[in-house]
Amino acid sequence: GGAALAGGTGTGVAHAAGSRRGRHGTGPRTYVLVHGTHSTGAHLAGIARELQRRGHRAVAVDLPLHGTEAFVPESYQRQDPHALAVEPSPLARLGLDDYAHRVEQYVREAARHGPVVLAGHSMGGLCVSRVADAVPGLLAHICYFAAFCPSRTMPSLEACASSPEGSTAVDPDGQLIGDPEKLGVARFNWRTGAARDLAVFKEMICADHSDVAFRRMLGLMQTDESLRAYGERAVGGAERWGRVPRTYLRMGRDRLVPPALQDRMIAEADALTPDNPFHVRDFPGASHMGPPDPREVAAALHAVRPVRAARP
């Protein structure tokens with residue numbers, strides 16, 4: 001299973017103390033947080049902790065072969081660049097079905113305890129769309145945090161990234177290790193000492209964070225991500241996904257999911273369900289990982305107002 005983070009420790013859903021009043025609206029709820037590409041639930045630990053401090057339950061999911069069950073190439077550990085370029089990866093066999101199934105399991109369990117807010121960061125938005133389309137009645141609110149929200153014209157992460165609006169993103173092709181088509185994964189060497197590579201990584205992930213915070217993030221990054229997942233469809237339909245209230249946390253200095261792409265995804269979603277548009281919370285100075293202080297994102301998530309949805 002995935003790793004549930006109670007301030008960075010523990011397993012299972014973390015229960016916060018406080019009143020059980022208001023199963024919907026302003027009362028406590030469970031936040032299921034989904035990390036992005038090459039990432040782990042640990043990257044969302046600070047946000048989970050701050051949500052718990054506000055009286056909620058929070059669980060950060062590790063997707064299959066991520067986080068506590070991560071695949072770490074042997075050649076990565078000993079920093080052998082030639083071996084790292086060809087070492088096989090078990091993530092090559094995974095796809096969005098595997099990722100979304102993991103998240104849905106957590107949502108089903110959390111829904112037994114009250115309203116659920118499902119939030120995805122970056123590639124985690126694909127799981128939000130998939131799960132909200134599968135079990136809309138179990139979700140009181142969904143949230144995209146600098147996340148991909150595919151649409152009919154851009155049905156996959158790959159399609160979003162290759163759109164005109166996505167073309168201004170930082171291009172890390174020069175940092176890829178090996179041939180992605182042969183490996184079946186996109187692979188990066190986060191432990192590199194090359195200044196140019198590190199500069200690209202920082203601009204892509206957290207340009208507004210300190211170098212100390214950046215190195216801390218690098219220590220949690222995973223070498224591999226499934227290439228299949230990038231190209232698979234993750235479009236929510238109007239009758240299911242489209243009936244769940246939703247929020248978008250827009251990062252104004254994002255160099256991985258550029259603001260113009262975020263705006264297009266929001267606009268296309270709103271055109272599909274004009275009676276249930278995105279509530280947009282703008283962070284104009286924030287990069288892809290969000291503001292350095294996790295309290296800012298936690299406050300935005302705390303502010304969403306879950307509503308009771310009819311079960312399917």
# chains A, B, ... in the order shown; residues from 1 in each chain; ligands from 1

call {"tool": "residues_around", "arguments": {"residues": "Pro64 (chain A)", "least_positions_apart": "6", "cutoff": "10 Å", "atoms": "only C-alpha atoms", "output": "list in words"}}
result
Gly1, Gly2, Thr40, Ala70, Phe71, Leu91, Leu94, Gly95, Asp98, Tyr99, Ala100, His101, Arg102 and Val103 of chain A

call {"tool": "write_last_selection", "arguments": {"atoms": "C-alpha atoms", "output": "PDB file, in the first residue's frame"}}
result
ATOM      1  CA  GLY A   1       0.000   0.000   0.000  1.00  0.00           C
ATOM      2  CA  GLY A   2       0.857   3.651  -0.037  1.00  0.00           C
ATOM      3  CA  THR A  40       6.346  10.424  -3.482  1.00  0.00           C
ATOM      4  CA  ALA A  70      10.151   2.696  -4.581  1.00  0.00           C
ATOM      5  CA  PHE A  71      12.307   1.060  -7.201  1.00  0.00           C
ATOM      6  CA  LEU A  91       7.775   0.846 -13.650  1.00  0.00           C
ATOM      7  CA  LEU A  94       2.684   0.240 -14.939  1.00  0.00           C
ATOM      8  CA  GLY A  95       0.026   2.564 -16.312  1.00  0.00           C
ATOM      9  CA  ASP A  98      -2.544   0.905 -11.671  1.00  0.00           C
ATOM     10  CA  TYR A  99      -2.136   4.411 -10.299  1.00  0.00           C
ATOM     11  CA  ALA A 100      -5.849   5.253 -10.269  1.00  0.00           C
ATOM     12  CA  HIS A 101      -6.739   1.916  -8.672  1.00  0.00           C
ATOM     13  CA  ARG A 102      -4.390   2.659  -5.772  1.00  0.00           C
ATOM     14  CA  VAL A 103      -5.949   6.093  -5.226  1.00  0.00           C
TER      15      VAL A 103
END

call {"tool": "residues_around", "arguments": {"residues": "Val297 (chain A)", "least_positions_apart": "2", "cutoff": "12 Å", "atoms": "only C-alpha atoms", "output": "PyMOL selection string"}}
result
chain A and resi 33+44-51+119+121+143-146+248-251+281-283+286+289-295+299-304

call {"tool": "write_last_selection", "arguments": {"atoms": "N, CA and C atoms", "output": "JSON list (two decimals), in the first residue's frame"}}
result
[["chain", "number", "residue", "atom", "x", "y", "z"],
["A", 33, "LEU", "N", -4.28, 12.97, -0.70],
["A", 33, "LEU", "CA", -3.34, 13.75, -1.49],
["A", 33, "LEU", "C", -2.53, 12.84, -2.40],
["A", 44, "LEU", "N", 4.37, 15.76, 0.02],
["A", 44, "LEU", "CA", 3.15, 16.43, 0.48],
["A", 44, "LEU", "C", 2.99, 16.35, 1.99],
["A", 45, "ALA", "N", 4.03, 15.89, 2.68],
["A", 45, "ALA", "CA", 3.95, 15.69, 4.12],
["A", 45, "ALA", "C", 3.65, 16.99, 4.86],
["A", 46, "GLY", "N", 4.28, 18.09, 4.44],
["A", 46, "GLY", "CA", 4.06, 19.36, 5.12],
["A", 46, "GLY", "C", 2.62, 19.82, 5.01],
["A", 47, "ILE", "N", 2.04, 19.65, 3.83],
["A", 47, "ILE", "CA", 0.64, 20.03, 3.62],
["A", 47, "ILE", "C", -0.27, 19.14, 4.46],
["A", 48, "ALA", "N", 0.00, 17.83, 4.47],
["A", 48, "ALA", "CA", -0.80, 16.91, 5.28],
["A", 48, "ALA", "C", -0.75, 17.30, 6.75],
["A", 49, "ARG", "N", 0.44, 17.62, 7.22],
["A", 49, "ARG", "CA", 0.59, 18.00, 8.64],
["A", 49, "ARG", "C", -0.23, 19.25, 8.96],
["A", 50, "GLU", "N", -0.19, 20.24, 8.07],
["A", 50, "GLU", "CA", -0.92, 21.48, 8.32],
["A", 50, "GLU", "C", -2.43, 21.27, 8.26],
["A", 51, "LEU", "N", -2.89, 20.37, 7.41],
["A", 51, "LEU", "CA", -4.32, 20.06, 7.38],
["A", 51, "LEU", "C", -4.75, 19.40, 8.68],
["A", 119, "ALA", "N", -7.16, 15.53, -3.75],
["A", 119, "ALA", "CA", -6.31, 16.57, -4.33],
["A", 119, "ALA", "C", -5.09, 15.95, -4.98],
["A", 121, "HIS", "N", -1.38, 16.67, -7.17],
["A", 121, "HIS", "CA", -0.36, 17.61, -7.60],
["A", 121, "HIS", "C", 0.27, 17.13, -8.90],
["A", 143, "CYS", "N", -9.55, 18.64, -6.12],
["A", 143, "CYS", "CA", -8.65, 19.80, -6.23],
["A", 143, "CYS", "C", -7.45, 19.44, -7.09],
["A", 144, "TYR", "N", -7.10, 20.34, -8.01],
["A", 144, "TYR", "CA", -5.93, 20.20, -8.86],
["A", 144, "TYR", "C", -4.91, 21.24, -8.41],
["A", 145, "PHE", "N", -3.77, 20.77, -7.94],
["A", 145, "PHE", "CA", -2.71, 21.61, -7.39],
["A", 145, "PHE", "C", -1.59, 21.66, -8.42],
["A", 146, "ALA", "N", -1.56, 22.75, -9.24],
["A", 146, "ALA", "CA", -0.59, 22.83, -10.34],
["A", 146, "ALA", "C", -0.59, 21.53, -11.12],
["A", 248, "TYR", "N", -9.03, 24.71, -8.45],
["A", 248, "TYR", "CA", -7.70, 24.67, -9.07],
["A", 248, "TYR", "C", -6.80, 25.63, -8.32],
["A", 249, "LEU", "N", -5.66, 25.13, -7.85],
["A", 249, "LEU", "CA", -4.64, 25.95, -7.22],
["A", 249, "LEU", "C", -3.62, 26.30, -8.31],
["A", 250, "ARG", "N", -3.68, 27.53, -8.76],
["A", 250, "ARG", "CA", -2.91, 27.98, -9.92],
["A", 250, "ARG", "C", -1.59, 28.60, -9.47],
["A", 251, "MET", "N", -0.48, 28.06, -9.99],
["A", 251, "MET", "CA", 0.85, 28.54, -9.65],
["A", 251, "MET", "C", 1.37, 29.46, -10.77],
["A", 281, "ARG", "N", -7.87, 29.40, -7.11],
["A", 281, "ARG", "CA", -7.09, 30.11, -6.10],
["A", 281, "ARG", "C", -5.71, 30.36, -6.70],
["A", 282, "ASP", "N", -5.35, 31.61, -6.85],
["A", 282, "ASP", "CA", -4.12, 31.96, -7.55],
["A", 282, "ASP", "C", -2.98, 32.22, -6.57],
["A", 283, "PHE", "N", -1.82, 31.63, -6.89],
["A", 283, "PHE", "CA", -0.57, 31.88, -6.16],
["A", 283, "PHE", "C", 0.40, 32.48, -7.17],
["A", 286, "ALA", "N", 4.31, 31.63, -7.10],
["A", 286, "ALA", "CA", 4.71, 30.27, -6.75],
["A", 286, "ALA", "C", 5.13, 29.46, -7.97],
["A", 289, "MET", "N", 6.12, 23.36, -7.24],
["A", 289, "MET", "CA", 5.87, 22.70, -5.97],
["A", 289, "MET", "C", 5.07, 23.55, -5.01],
["A", 290, "GLY", "N", 4.66, 24.72, -5.44],
["A", 290, "GLY", "CA", 3.88, 25.58, -4.58],
["A", 290, "GLY", "C", 4.75, 26.46, -3.71],
["A", 291, "PRO", "N", 4.14, 27.33, -2.91],
["A", 291, "PRO", "CA", 4.91, 28.23, -2.05],
["A", 291, "PRO", "C", 5.81, 27.46, -1.08],
["A", 292, "PRO", "N", 6.94, 28.04, -0.70],
["A", 292, "PRO", "CA", 7.83, 27.37, 0.25],
["A", 292, "PRO", "C", 7.16, 27.01, 1.57],
["A", 293, "ASP", "N", 6.21, 27.82, 2.00],
["A", 293, "ASP", "CA", 5.50, 27.56, 3.25],
["A", 293, "ASP", "C", 4.27, 26.69, 2.98],
["A", 294, "PRO", "N", 4.24, 25.43, 3.43],
["A", 294, "PRO", "CA", 3.10, 24.55, 3.14],
["A", 294, "PRO", "C", 1.80, 25.03, 3.75],
["A", 295, "ARG", "N", 1.85, 25.95, 4.69],
["A", 295, "ARG", "CA", 0.62, 26.46, 5.29],
["A", 295, "ARG", "C", -0.25, 27.19, 4.28],
["A", 299, "ALA", "N", -3.99, 26.04, 3.73],
["A", 299, "ALA", "CA", -5.07, 26.98, 3.99],
["A", 299, "ALA", "C", -6.06, 27.01, 2.83],
["A", 300, "ALA", "N", -5.55, 26.95, 1.60],
["A", 300, "ALA", "CA", -6.43, 26.93, 0.43],
["A", 300, "ALA", "C", -7.26, 25.65, 0.39],
["A", 301, "LEU", "N", -6.65, 24.52, 0.74],
["A", 301, "LEU", "CA", -7.39, 23.26, 0.77],
["A", 301, "LEU", "C", -8.41, 23.25, 1.91],
["A", 302, "HIS", "N", -8.03, 23.81, 3.03],
["A", 302, "HIS", "CA", -8.94, 23.90, 4.17],
["A", 302, "HIS", "C", -10.17, 24.74, 3.82],
["A", 303, "ALA", "N", -9.99, 25.72, 2.93],
["A", 303, "ALA", "CA", -11.06, 26.66, 2.61],
["A", 303, "ALA", "C", -12.12, 26.09, 1.67],
["A", 304, "VAL", "N", -11.83, 24.95, 1.02],
["A", 304, "VAL", "CA", -12.84, 24.39, 0.12],
["A", 304, "VAL", "C", -14.05, 23.95, 0.92]]

call {"tool": "residues_around", "arguments": {"residues": "Gly193 (chain A)", "least_positions_apart": "6", "cutoff": "12 Å", "atoms": "only C-alpha atoms", "output": "MDAnalysis selection string"}}
result
chainID A and resid 79 199 201 215 218

call {"tool": "closest_residue", "arguments": {"among": "A:Lys202, A:Arg53, A:His82, A:His38", "to": "Gly124 (chain A)", "atoms": "only C-alpha atoms"}}
result
A:His38

call {"tool": "closest_residue", "arguments": {"among": "A:His35, A:His141, A:His279, A:Arg233", "to": "Met123 (chain A)", "atoms": "only C-alpha atoms"}}
result
A:His35

call {"tool": "atom_distance", "arguments": {"atom1": "CA of Gln175 (chain A)", "atom2": "CA of Ile205 (chain A)"}}
result
13.8 Å

call {"tool": "residues_around", "arguments": {"residues": "Phe278 (chain A)", "least_positions_apart": "2", "cutoff": "7 Å", "atoms": "only C-alpha atoms", "output": "PyMOL selection string"}}
result
chain A and resi 246-248+266+270+276+280

call {"tool": "select_by_dssp", "arguments": {"residues": "region 154-225 of chain A", "states": "alpha helix (DSSP H)", "output": "ChimeraX atom specification"}}
result
/A:157-161,180-183,195-205,211-218

call {"tool": "residues_around", "arguments": {"residues": "Tyr76 (chain A)", "least_positions_apart": "5", "cutoff": "9 Å", "atoms": "only C-alpha atoms", "output": "list in words"}}
result
Pro81, Ala83, Leu84, Asn189, Arg191 and Thr223 of chain A

call {"tool": "write_last_selection", "arguments": {"atoms": "N, CA, C and O atoms", "output": "PDB file, in the first residue's frame"}}
result
ATOM      1  N   PRO A  81      26.853   5.918 -14.604  1.00  0.00           N
ATOM      2  CA  PRO A  81      26.007   6.474 -15.661  1.00  0.00           C
ATOM      3  C   PRO A  81      25.766   5.534 -16.832  1.00  0.00           C
ATOM      4  O   PRO A  81      24.680   5.542 -17.426  1.00  0.00           O
ATOM      5  N   ALA A  83      25.686   2.135 -16.780  1.00  0.00           N
ATOM      6  CA  ALA A  83      24.740   1.102 -16.370  1.00  0.00           C
ATOM      7  C   ALA A  83      23.350   1.678 -16.147  1.00  0.00           C
ATOM      8  O   ALA A  83      22.333   1.035 -16.447  1.00  0.00           O
ATOM      9  N   LEU A  84      23.290   2.906 -15.632  1.00  0.00           N
ATOM     10  CA  LEU A  84      21.989   3.538 -15.372  1.00  0.00           C
ATOM     11  C   LEU A  84      21.218   3.762 -16.668  1.00  0.00           C
ATOM     12  O   LEU A  84      19.984   3.721 -16.676  1.00  0.00           O
ATOM     13  N   ASN A 189      18.719  11.453 -13.292  1.00  0.00           N
ATOM     14  CA  ASN A 189      19.704  11.262 -12.223  1.00  0.00           C
ATOM     15  C   ASN A 189      19.674  12.485 -11.306  1.00  0.00           C
ATOM     16  O   ASN A 189      20.360  13.475 -11.525  1.00  0.00           O
ATOM     17  N   ARG A 191      20.796  12.772  -8.417  1.00  0.00           N
ATOM     18  CA  ARG A 191      22.007  12.897  -7.593  1.00  0.00           C
ATOM     19  C   ARG A 191      23.183  13.486  -8.361  1.00  0.00           C
ATOM     20  O   ARG A 191      24.312  13.495  -7.881  1.00  0.00           O
ATOM     21  N   THR A 223      13.979   8.155  -9.631  1.00  0.00           N
ATOM     22  CA  THR A 223      14.621   8.177 -10.948  1.00  0.00           C
ATOM     23  C   THR A 223      13.627   7.963 -12.077  1.00  0.00           C
ATOM     24  O   THR A 223      13.714   8.612 -13.118  1.00  0.00           O
TER      25      THR A 223
END

call {"tool": "residues_around", "arguments": {"residues": "Thr273 (chain A)", "least_positions_apart": "2", "cutoff": "12 Å", "atoms": "only C-alpha atoms", "output": "list in words"}}
result
Ser151, Gly236, Gly237, Ala238, Glu239, Arg240, Trp241, Gly242, Arg243, Val244, Pro245, Arg246, Ile266, Ala267, Glu268, Ala269, Asp270, Ala271, Asp275, Asn276, Pro277 and Phe278 of chain A

call {"tool": "closest_residue", "arguments": {"among": "A:Leu118, A:Val34, A:Ala58, A:Pro88", "to": "Pro306 (chain A)", "atoms": "only C-alpha atoms"}}
result
A:Leu118

call {"tool": "atom_distance", "arguments": {"atom1": "CA of Pro284 (chain A)", "atom2": "CA of Asp208 (chain A)"}}
result
11.4 Å

call {"tool": "residues_around", "arguments": {"residues": "region 112-117 of chain A", "least_positions_apart": "5", "cutoff": "8 Å", "atoms": "only C-alpha atoms", "output": "PDB file with all heavy atoms, in the first residue's frame"}}
result
ATOM      1  N   ARG A  23     -20.558  17.007   8.925  1.00  0.00           N
ATOM      2  CA  ARG A  23     -19.926  16.037   8.034  1.00  0.00           C
ATOM      3  C   ARG A  23     -19.670  16.654   6.668  1.00  0.00           C
ATOM      4  O   ARG A  23     -18.880  16.157   5.892  1.00  0.00           O
ATOM      5  CB  ARG A  23     -20.787  14.783   7.919  1.00  0.00           C
ATOM      6  CG  ARG A  23     -20.758  13.919   9.169  1.00  0.00           C
ATOM      7  CD  ARG A  23     -21.779  12.802   9.068  1.00  0.00           C
ATOM      8  NE  ARG A  23     -21.505  11.935   7.925  1.00  0.00           N
ATOM      9  CZ  ARG A  23     -20.623  10.950   7.932  1.00  0.00           C
ATOM     10  NH1 ARG A  23     -19.873  10.730   8.996  1.00  0.00           N
ATOM     11  NH2 ARG A  23     -20.453  10.190   6.880  1.00  0.00           N
ATOM     12  N   HIS A  24     -20.373  17.725   6.356  1.00  0.00           N
ATOM     13  CA  HIS A  24     -20.144  18.457   5.111  1.00  0.00           C
ATOM     14  C   HIS A  24     -20.095  19.931   5.460  1.00  0.00           C
ATOM     15  O   HIS A  24     -20.563  20.367   6.505  1.00  0.00           O
ATOM     16  CB  HIS A  24     -21.254  18.153   4.094  1.00  0.00           C
ATOM     17  CG  HIS A  24     -21.333  16.690   3.773  1.00  0.00           C
ATOM     18  ND1 HIS A  24     -20.636  16.115   2.742  1.00  0.00           N
ATOM     19  CD2 HIS A  24     -21.982  15.686   4.398  1.00  0.00           C
ATOM     20  CE1 HIS A  24     -20.871  14.807   2.725  1.00  0.00           C
ATOM     21  NE2 HIS A  24     -21.685  14.534   3.716  1.00  0.00           N
ATOM     22  N   ARG A  29     -12.849  16.664   7.614  1.00  0.00           N
ATOM     23  CA  ARG A  29     -12.978  15.809   6.429  1.00  0.00           C
ATOM     24  C   ARG A  29     -11.662  15.084   6.226  1.00  0.00           C
ATOM     25  O   ARG A  29     -10.676  15.381   6.890  1.00  0.00           O
ATOM     26  CB  ARG A  29     -13.319  16.667   5.212  1.00  0.00           C
ATOM     27  CG  ARG A  29     -12.247  17.696   4.916  1.00  0.00           C
ATOM     28  CD  ARG A  29     -12.759  18.874   4.104  1.00  0.00           C
ATOM     29  NE  ARG A  29     -13.602  19.766   4.867  1.00  0.00           N
ATOM     30  CZ  ARG A  29     -13.512  21.104   4.812  1.00  0.00           C
ATOM     31  NH1 ARG A  29     -12.591  21.673   4.030  1.00  0.00           N
ATOM     32  NH2 ARG A  29     -14.301  21.872   5.493  1.00  0.00           N
ATOM     33  N   THR A  30     -11.626  14.161   5.281  1.00  0.00           N
ATOM     34  CA  THR A  30     -10.390  13.460   4.948  1.00  0.00           C
ATOM     35  C   THR A  30      -9.868  13.986   3.614  1.00  0.00           C
ATOM     36  O   THR A  30     -10.591  13.994   2.612  1.00  0.00           O
ATOM     37  CB  THR A  30     -10.616  11.947   4.837  1.00  0.00           C
ATOM     38  OG1 THR A  30     -11.110  11.448   6.082  1.00  0.00           O
ATOM     39  CG2 THR A  30      -9.302  11.238   4.514  1.00  0.00           C
ATOM     40  N   TYR A  31      -8.621  14.402   3.626  1.00  0.00           N
ATOM     41  CA  TYR A  31      -7.950  14.817   2.400  1.00  0.00           C
ATOM     42  C   TYR A  31      -7.077  13.660   1.918  1.00  0.00           C
ATOM     43  O   TYR A  31      -6.210  13.178   2.653  1.00  0.00           O
ATOM     44  CB  TYR A  31      -7.070  16.041   2.654  1.00  0.00           C
ATOM     45  CG  TYR A  31      -7.858  17.313   2.873  1.00  0.00           C
ATOM     46  CD1 TYR A  31      -8.359  17.635   4.129  1.00  0.00           C
ATOM     47  CD2 TYR A  31      -8.116  18.178   1.816  1.00  0.00           C
ATOM     48  CE1 TYR A  31      -9.091  18.793   4.333  1.00  0.00           C
ATOM     49  CE2 TYR A  31      -8.844  19.351   2.011  1.00  0.00           C
ATOM     50  CZ  TYR A  31      -9.332  19.642   3.273  1.00  0.00           C
ATOM     51  OH  TYR A  31     -10.058  20.791   3.468  1.00  0.00           O
ATOM     52  N   VAL A  32      -7.309  13.219   0.698  1.00  0.00           N
ATOM     53  CA  VAL A  32      -6.468  12.217   0.056  1.00  0.00           C
ATOM     54  C   VAL A  32      -5.594  12.962  -0.947  1.00  0.00           C
ATOM     55  O   VAL A  32      -6.096  13.541  -1.911  1.00  0.00           O
ATOM     56  CB  VAL A  32      -7.311  11.129  -0.635  1.00  0.00           C
ATOM     57  CG1 VAL A  32      -6.404  10.128  -1.355  1.00  0.00           C
ATOM     58  CG2 VAL A  32      -8.190  10.397   0.380  1.00  0.00           C
ATOM     59  N   VAL A 107      -9.624   6.307  -1.415  1.00  0.00           N
ATOM     60  CA  VAL A 107     -10.860   7.092  -1.377  1.00  0.00           C
ATOM     61  C   VAL A 107     -12.001   6.268  -0.791  1.00  0.00           C
ATOM     62  O   VAL A 107     -12.773   6.749   0.056  1.00  0.00           O
ATOM     63  CB  VAL A 107     -11.221   7.600  -2.785  1.00  0.00           C
ATOM     64  CG1 VAL A 107     -12.650   8.140  -2.827  1.00  0.00           C
ATOM     65  CG2 VAL A 107     -10.235   8.689  -3.221  1.00  0.00           C
ATOM     66  N   LEU A 138     -18.424   9.334  -4.055  1.00  0.00           N
ATOM     67  CA  LEU A 138     -17.615   9.201  -2.845  1.00  0.00           C
ATOM     68  C   LEU A 138     -16.804  10.462  -2.562  1.00  0.00           C
ATOM     69  O   LEU A 138     -16.089  10.516  -1.559  1.00  0.00           O
ATOM     70  CB  LEU A 138     -16.662   8.008  -2.973  1.00  0.00           C
ATOM     71  CG  LEU A 138     -17.303   6.629  -3.145  1.00  0.00           C
ATOM     72  CD1 LEU A 138     -16.224   5.548  -3.165  1.00  0.00           C
ATOM     73  CD2 LEU A 138     -18.320   6.361  -2.052  1.00  0.00           C
ATOM     74  N   LEU A 139     -16.918  11.457  -3.431  1.00  0.00           N
ATOM     75  CA  LEU A 139     -16.075  12.644  -3.315  1.00  0.00           C
ATOM     76  C   LEU A 139     -16.918  13.887  -3.058  1.00  0.00           C
ATOM     77  O   LEU A 139     -17.892  14.149  -3.766  1.00  0.00           O
ATOM     78  CB  LEU A 139     -15.256  12.831  -4.588  1.00  0.00           C
ATOM     79  CG  LEU A 139     -14.247  11.708  -4.879  1.00  0.00           C
ATOM     80  CD1 LEU A 139     -13.690  11.844  -6.292  1.00  0.00           C
ATOM     81  CD2 LEU A 139     -13.116  11.742  -3.858  1.00  0.00           C
ATOM     82  N   ALA A 140     -16.521  14.645  -2.055  1.00  0.00           N
ATOM     83  CA  ALA A 140     -17.203  15.888  -1.738  1.00  0.00           C
ATOM     84  C   ALA A 140     -16.574  17.074  -2.455  1.00  0.00           C
ATOM     85  O   ALA A 140     -17.211  18.119  -2.606  1.00  0.00           O
ATOM     86  CB  ALA A 140     -17.180  16.129  -0.234  1.00  0.00           C
ATOM     87  N   HIS A 141     -15.315  16.922  -2.889  1.00  0.00           N
ATOM     88  CA  HIS A 141     -14.623  18.001  -3.600  1.00  0.00           C
ATOM     89  C   HIS A 141     -13.370  17.405  -4.225  1.00  0.00           C
ATOM     90  O   HIS A 141     -12.788  16.461  -3.681  1.00  0.00           O
ATOM     91  CB  HIS A 141     -14.229  19.122  -2.627  1.00  0.00           C
ATOM     92  CG  HIS A 141     -14.077  20.473  -3.282  1.00  0.00           C
ATOM     93  ND1 HIS A 141     -15.071  21.428  -3.263  1.00  0.00           N
ATOM     94  CD2 HIS A 141     -13.042  21.027  -3.967  1.00  0.00           C
ATOM     95  CE1 HIS A 141     -14.653  22.520  -3.898  1.00  0.00           C
ATOM     96  NE2 HIS A 141     -13.425  22.287  -4.348  1.00  0.00           N
ATOM     97  N   ILE A 142     -12.965  17.957  -5.367  1.00  0.00           N
ATOM     98  CA  ILE A 142     -11.688  17.571  -5.968  1.00  0.00           C
ATOM     99  C   ILE A 142     -10.861  18.826  -6.190  1.00  0.00           C
ATOM    100  O   ILE A 142     -11.397  19.921  -6.389  1.00  0.00           O
ATOM    101  CB  ILE A 142     -11.855  16.794  -7.293  1.00  0.00           C
ATOM    102  CG1 ILE A 142     -12.692  17.572  -8.305  1.00  0.00           C
ATOM    103  CG2 ILE A 142     -12.446  15.420  -7.028  1.00  0.00           C
ATOM    104  CD1 ILE A 142     -12.827  16.877  -9.662  1.00  0.00           C
ATOM    105  N   CYS A 143      -9.552  18.644  -6.123  1.00  0.00           N
ATOM    106  CA  CYS A 143      -8.653  19.797  -6.231  1.00  0.00           C
ATOM    107  C   CYS A 143      -7.446  19.435  -7.087  1.00  0.00           C
ATOM    108  O   CYS A 143      -6.845  18.376  -6.910  1.00  0.00           O
ATOM    109  CB  CYS A 143      -8.212  20.238  -4.841  1.00  0.00           C
ATOM    110  SG  CYS A 143      -7.177  21.717  -4.863  1.00  0.00           S
ATOM    111  N   PRO A 306     -16.756  21.267   0.974  1.00  0.00           N
ATOM    112  CA  PRO A 306     -17.311  20.017   0.443  1.00  0.00           C
ATOM    113  C   PRO A 306     -18.828  20.004   0.544  1.00  0.00           C
ATOM    114  O   PRO A 306     -19.416  20.568   1.457  1.00  0.00           O
ATOM    115  CB  PRO A 306     -16.720  18.936   1.360  1.00  0.00           C
ATOM    116  CG  PRO A 306     -15.527  19.579   1.984  1.00  0.00           C
ATOM    117  CD  PRO A 306     -15.882  21.019   2.133  1.00  0.00           C
ATOM    118  N   ARG A 308     -22.405  17.363  -0.133  1.00  0.00           N
ATOM    119  CA  ARG A 308     -22.808  15.960  -0.259  1.00  0.00           C
ATOM    120  C   ARG A 308     -23.163  15.655  -1.698  1.00  0.00           C
ATOM    121  O   ARG A 308     -23.972  16.338  -2.316  1.00  0.00           O
ATOM    122  CB  ARG A 308     -24.014  15.681   0.640  1.00  0.00           C
ATOM    123  CG  ARG A 308     -24.384  14.215   0.715  1.00  0.00           C
ATOM    124  CD  ARG A 308     -25.624  14.013   1.570  1.00  0.00           C
ATOM    125  NE  ARG A 308     -25.413  14.496   2.913  1.00  0.00           N
ATOM    126  CZ  ARG A 308     -24.838  13.762   3.872  1.00  0.00           C
ATOM    127  NH1 ARG A 308     -24.411  12.539   3.610  1.00  0.00           N
ATOM    128  NH2 ARG A 308     -24.684  14.255   5.082  1.00  0.00           N
TER     129      ARG A 308
END

call {"tool": "atom_distance", "arguments": {"atom1": "CA of Pro90 (chain A)", "atom2": "CA of Phe188 (chain A)"}}
result
15.4 Å
